[in-house]
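Student: Here you go, this is query_0.csv (CSV, C-alpha atoms).
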```csv
chain,number,residue,atom,x,y,z
A,1,MET,CA,0.0,0.0,0.0
A,2,ALA,CA,2.9,2.3,0.6
A,3,ALA,CA,4.0,1.9,-3.0
A,4,ALA,CA,0.5,3.0,-4.1
A,5,THR,CA,0.6,6.3,-2.2
A,6,THR,CA,4.0,7.3,-3.5
A,7,GLU,CA,3.2,6.7,-7.1
A,8,PRO,CA,0.6,9.6,-7.4
A,9,ASN,CA,3.1,11.9,-5.5
A,10,ARG,CA,5.8,11.0,-7.9
A,11,THR,CA,3.6,11.7,-10.9
A,12,LEU,CA,2.6,15.0,-9.4
A,13,LEU,CA,6.2,15.9,-8.7
A,14,THR,CA,7.2,15.0,-12.3
A,15,MET,CA,4.4,17.2,-13.7
A,16,ARG,CA,5.4,20.1,-11.6
A,17,LEU,CA,9.0,19.7,-12.6
A,18,ARG,CA,8.1,19.6,-16.3
A,19,LYS,CA,6.0,22.8,-15.9
A,20,ALA,CA,8.8,24.6,-14.0
A,21,THR,CA,11.3,23.5,-16.7
A,22,HIS,CA,9.0,24.6,-19.5
A,23,LEU,CA,8.5,28.0,-17.8
A,24,ALA,CA,12.2,28.4,-17.3
A,25,SER,CA,12.9,27.5,-20.9
A,26,THR,CA,10.3,29.9,-22.2
A,27,LEU,CA,11.7,32.7,-20.0
A,28,LEU,CA,15.2,32.1,-21.2
A,29,LEU,CA,14.1,32.0,-24.8
A,30,ALA,CA,12.2,35.3,-24.4
A,31,ALA,CA,15.2,36.9,-22.7
A,32,GLY,CA,17.5,35.7,-25.4
A,33,LEU,CA,15.3,37.1,-28.1
A,34,GLY,CA,15.1,40.4,-26.2
A,35,VAL,CA,18.9,40.6,-26.0
A,36,PHE,CA,19.3,39.8,-29.7
A,37,ALA,CA,16.6,42.3,-30.7
A,38,GLY,CA,18.4,44.9,-28.5
A,39,SER,CA,21.7,44.2,-30.1
A,40,GLY,CA,20.2,44.6,-33.6
A,41,GLN,CA,18.8,48.0,-32.5
A,42,ALA,CA,22.2,49.0,-31.1
A,43,GLN,CA,23.9,48.1,-34.4
A,44,SER,CA,21.4,50.1,-36.3
A,45,ALA,CA,21.9,53.0,-33.9
A,46,THR,CA,25.6,53.2,-34.6
A,47,PRO,CA,26.5,55.9,-37.1
A,48,LYS,CA,27.1,54.8,-40.6
A,49,LYS,CA,28.7,56.6,-43.5
A,50,THR,CA,26.0,58.6,-45.2
A,51,THR,CA,25.7,58.8,-48.9
A,52,SER,CA,24.0,61.5,-50.9
A,53,SER,CA,20.3,61.2,-51.7
A,54,LYS,CA,21.2,60.9,-55.4
A,55,ALA,CA,23.6,58.0,-54.7
A,56,ARG,CA,20.9,56.3,-52.5
A,57,ALA,CA,18.2,56.8,-55.2
A,58,SER,CA,20.4,55.4,-57.9
A,59,ALA,CA,21.5,52.5,-55.7
A,60,HIS,CA,17.9,51.5,-55.1
A,61,GLY,CA,17.1,52.0,-58.8
A,62,LYS,CA,14.2,54.4,-58.2
A,63,ARG,CA,13.7,57.8,-56.9
A,64,THR,CA,11.1,58.7,-54.3
A,65,SER,CA,8.8,61.6,-54.8
A,66,LYS,CA,8.1,62.0,-51.1
A,67,LYS,CA,9.2,65.4,-50.0
A,68,SER,CA,11.1,66.0,-46.8
A,69,SER,CA,9.0,67.0,-43.9
A,70,ARG,CA,11.7,69.4,-42.8
A,71,ARG,CA,11.6,72.9,-44.0
A,72,GLU,CA,14.7,74.5,-45.4
A,73,ARG,CA,16.1,77.3,-43.3
A,74,GLY,CA,16.8,80.7,-44.7
A,75,GLN,CA,15.8,82.4,-47.9
A,76,LYS,CA,16.1,81.0,-51.3
A,77,VAL,CA,18.2,82.8,-53.9
A,78,PRO,CA,16.1,84.9,-56.4
A,79,THR,CA,15.9,83.5,-59.9
A,80,PRO,CA,17.6,85.5,-62.7
A,81,ASP,CA,14.2,86.7,-63.9
A,82,ARG,CA,13.3,88.0,-60.5
A,83,ILE,CA,16.7,89.7,-60.2
A,84,SER,CA,16.1,91.4,-63.6
A,85,GLU,CA,12.7,92.5,-62.3
A,86,ILE,CA,14.3,94.0,-59.2
A,87,GLN,CA,17.0,95.7,-61.3
A,88,GLN,CA,14.3,97.2,-63.6
A,89,ALA,CA,12.5,98.6,-60.5
A,90,LEU,CA,15.8,100.0,-59.2
A,91,ALA,CA,16.5,101.6,-62.6
A,92,LYS,CA,13.0,103.1,-62.7
A,93,ASP,CA,13.8,104.7,-59.3
A,94,GLY,CA,17.2,106.0,-60.6
A,95,SER,CA,19.3,103.9,-58.2
A,96,PHE,CA,20.5,101.4,-60.9
A,97,ALA,CA,22.4,102.7,-63.9
A,98,GLY,CA,23.2,99.5,-65.7
A,99,LYS,CA,21.2,97.3,-68.0
A,100,PRO,CA,19.2,94.5,-66.1
A,101,ASN,CA,21.2,91.3,-66.6
A,102,GLY,CA,19.7,88.9,-64.1
A,103,LYS,CA,22.9,88.7,-62.0
A,104,TRP,CA,23.1,89.9,-58.4
A,105,ASP,CA,26.5,91.6,-58.8
A,106,ASP,CA,28.2,94.5,-57.0
A,107,SER,CA,26.4,97.2,-59.0
A,108,THR,CA,23.0,95.7,-58.0
A,109,ILE,CA,24.1,95.5,-54.4
A,110,GLU,CA,25.2,99.2,-54.5
A,111,ALA,CA,22.0,100.2,-56.2
A,112,THR,CA,20.0,98.4,-53.6
A,113,ARG,CA,22.0,100.1,-50.8
A,114,LYS,CA,21.4,103.5,-52.5
A,115,PHE,CA,17.7,102.8,-52.8
A,116,GLN,CA,17.4,101.7,-49.2
A,117,GLU,CA,19.2,104.8,-47.9
A,118,ALA,CA,17.0,107.1,-50.1
A,119,HIS,CA,13.8,105.5,-48.7
A,120,GLY,CA,14.7,105.4,-45.0
A,121,LEU,CA,15.5,101.7,-44.9
A,122,ASN,CA,18.4,99.9,-43.4
A,123,PRO,CA,21.1,100.4,-46.1
A,124,SER,CA,22.5,96.9,-46.0
A,125,GLY,CA,22.4,96.2,-49.8
A,126,LYS,CA,20.6,93.0,-49.0
A,127,LEU,CA,17.1,92.3,-50.3
A,128,ASP,CA,14.5,92.1,-47.6
A,129,ALA,CA,10.7,92.3,-47.4
A,130,LYS,CA,10.5,96.0,-46.8
A,131,THR,CA,12.8,96.8,-49.7
A,132,LEU,CA,10.8,94.7,-52.0
A,133,GLN,CA,7.6,96.4,-50.7
A,134,GLN,CA,9.1,99.9,-51.4
A,135,LEU,CA,10.1,98.8,-54.9
A,136,GLY,CA,6.5,97.7,-55.5
A,137,LEU,CA,7.5,94.1,-55.9
A,138,GLY,CA,6.7,92.7,-52.4
A,139,SER,CA,3.7,91.7,-50.5
A,140,GLN,CA,1.4,94.3,-49.0
A,141,THR,CA,1.7,92.7,-45.5
A,142,ALA,CA,5.4,91.8,-45.6
A,143,GLY,CA,7.2,93.3,-42.7
A,144,VAL,CA,4.0,94.8,-41.4
A,145,ALA,CA,2.3,91.9,-39.6
A,146,PRO,CA,3.4,88.5,-38.4
A,147,PRO,CA,2.9,85.7,-40.9
A,148,MET,CA,-0.5,84.1,-41.0
A,149,PRO,CA,-0.7,80.3,-40.4
A,150,PRO,CA,-1.3,78.3,-43.5
A,151,VAL,CA,-4.9,77.5,-44.4
A,152,SER,CA,-5.5,73.8,-44.5
A,153,SER,CA,-7.5,72.3,-47.4
A,154,SER,CA,-10.0,70.7,-45.0
A,155,SER,CA,-10.9,74.1,-43.5
A,156,LEU,CA,-11.7,75.4,-47.0
A,157,GLN,CA,-14.3,72.8,-47.6
A,158,LYS,CA,-17.7,73.4,-46.2
A,159,THR,CA,-18.9,70.7,-43.9
A,160,THR,CA,-22.5,69.7,-44.5
A,161,PRO,CA,-24.2,67.1,-42.4
A,162,PRO,CA,-24.7,63.8,-44.2
A,163,GLN,CA,-28.2,63.4,-45.7
A,164,THR,CA,-30.1,60.3,-45.2
A,165,VAL,CA,-31.4,58.6,-48.4
A,166,ARG,CA,-34.8,57.1,-48.2
A,167,ARG,CA,-35.4,54.0,-50.1
A,168,GLN,CA,-38.6,53.8,-52.2
A,169,ARG,CA,-40.8,50.8,-51.6
```
In structure tokens, how does this file's structure come out?
Tutor:
Amino acid sequence: MAAATTEPNRTLLTMRLRKATHLASTLLLAAGLGVFAGSGQAQSATPKKTTSSKARASAHGKRTSKKSSRRERGQKVPTPDRISEIQQALAKDGSFAGKPNGKWDDSTIEATRKFQEAHGLNPSGKLDAKTLQQLGLGSQTAGVAPPMPPVSSSSLQKTTPPQTVRRQR
């Protein structure tokens, strides 16, 4: 009879041991996967040599049309047509003596400085919003008020409540 009572205890002990072993194995596997995943992230976080966007695009065989979400800092250089327009306005005022050539050269800078001084602006020779406004080429609000936030396309659309459609019987 003593052998009969120890047999269920032994089976119970074996089942508990298997469960504990299974749990320990699972935990070790999960920890190992976590370590390997962390090392993969650490490797990708190490700085790599960067290549230009053109080299990357040609390396992948196609170019993406997705624009960068970052905005470029500073002003863009005026186009030659815009520079000619500015030179014509300076010539009309009498500040620019040459023929408009579309190049931002020393004579254009000097003419801009002369124009700015004559109109009570900061005579830096650099093109700014107030100078363009005085030349008649700028925005009416440039330099007067802070910029307005951009209008989203969703706010331009009128929102009308959805109409229910009745089915004819």
Student: Quick one, how far is CA of Ala97 in chain A from CA of Leu121 in chain A?
Tutor: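 Separating CA of Ala97 in chain A from CA of Leu121 in chain A is a distance of 20.2 Å.
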Student: Any idea what's packed within 7 Å of Pro100 in chain A, counting all atoms listed in the file, ignoring anything in its chain fewer than 5 positions away? Could you give it as a list in words?
Tutor: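 The contact residues come out as Ser84, Gln87 and Gln88 of chain A.
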Student: Check the smallest atom-to-atom distance from each of A:Ser95, A:Ser139, A:Asn9, A:Asn101 to Gly125 in chain A using only C-alpha atoms, then report the winner.
Tutor: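 Residue with the minimum atom-to-atom distance to Gly125 in chain A: A:Ser95.
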Student: Give me, as a tab-separated table (two decimals) with C-alpha atoms, keeping the file's coordinate frame, all polymer residues having an atom no more than 6 Å from Pro80 in chain A, counting only C-alpha atoms and skipping those fewer than 2 positions away in the same chain.
Tutor:
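In the end it all went to out01.tsv:
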```tsv
chain	number	residue	atom	x	y	z
A	82	ARG	CA	13.30	88.00	-60.50
A	83	ILE	CA	16.70	89.70	-60.20
A	102	GLY	CA	19.70	88.90	-64.10
```
Student: Please, what distance in Å, to one decimal, runs between CA of Leu135 in chain A and CA of Trp104 in chain A?
Tutor: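 If I compute the distance from CA of Leu135 in chain A to CA of Trp104 in chain A, I get 16.1 Å.
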Student: Calculate how many Å separate CA of Thr131 in chain A from CA of His119 in chain A, rounding to one decimal.
Tutor: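 We find that CA of Thr131 in chain A and CA of His119 in chain A lie 8.8 Å from each other.
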Student: When distances are computed from all atoms listed in the file, which of A:Met148, A:Val77, A:Ala30, A:Leu90 shows the smallest separation from Leu132 in chain A?
Tutor: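 Closest candidate: A:Leu90.
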Student: Counting only C-alpha atoms, what is within 8 Å of Arg113 in chain A, bar same-chain residues fewer than 5 positions away, as a ChimeraX atom specification?
Tutor: /A:123-126
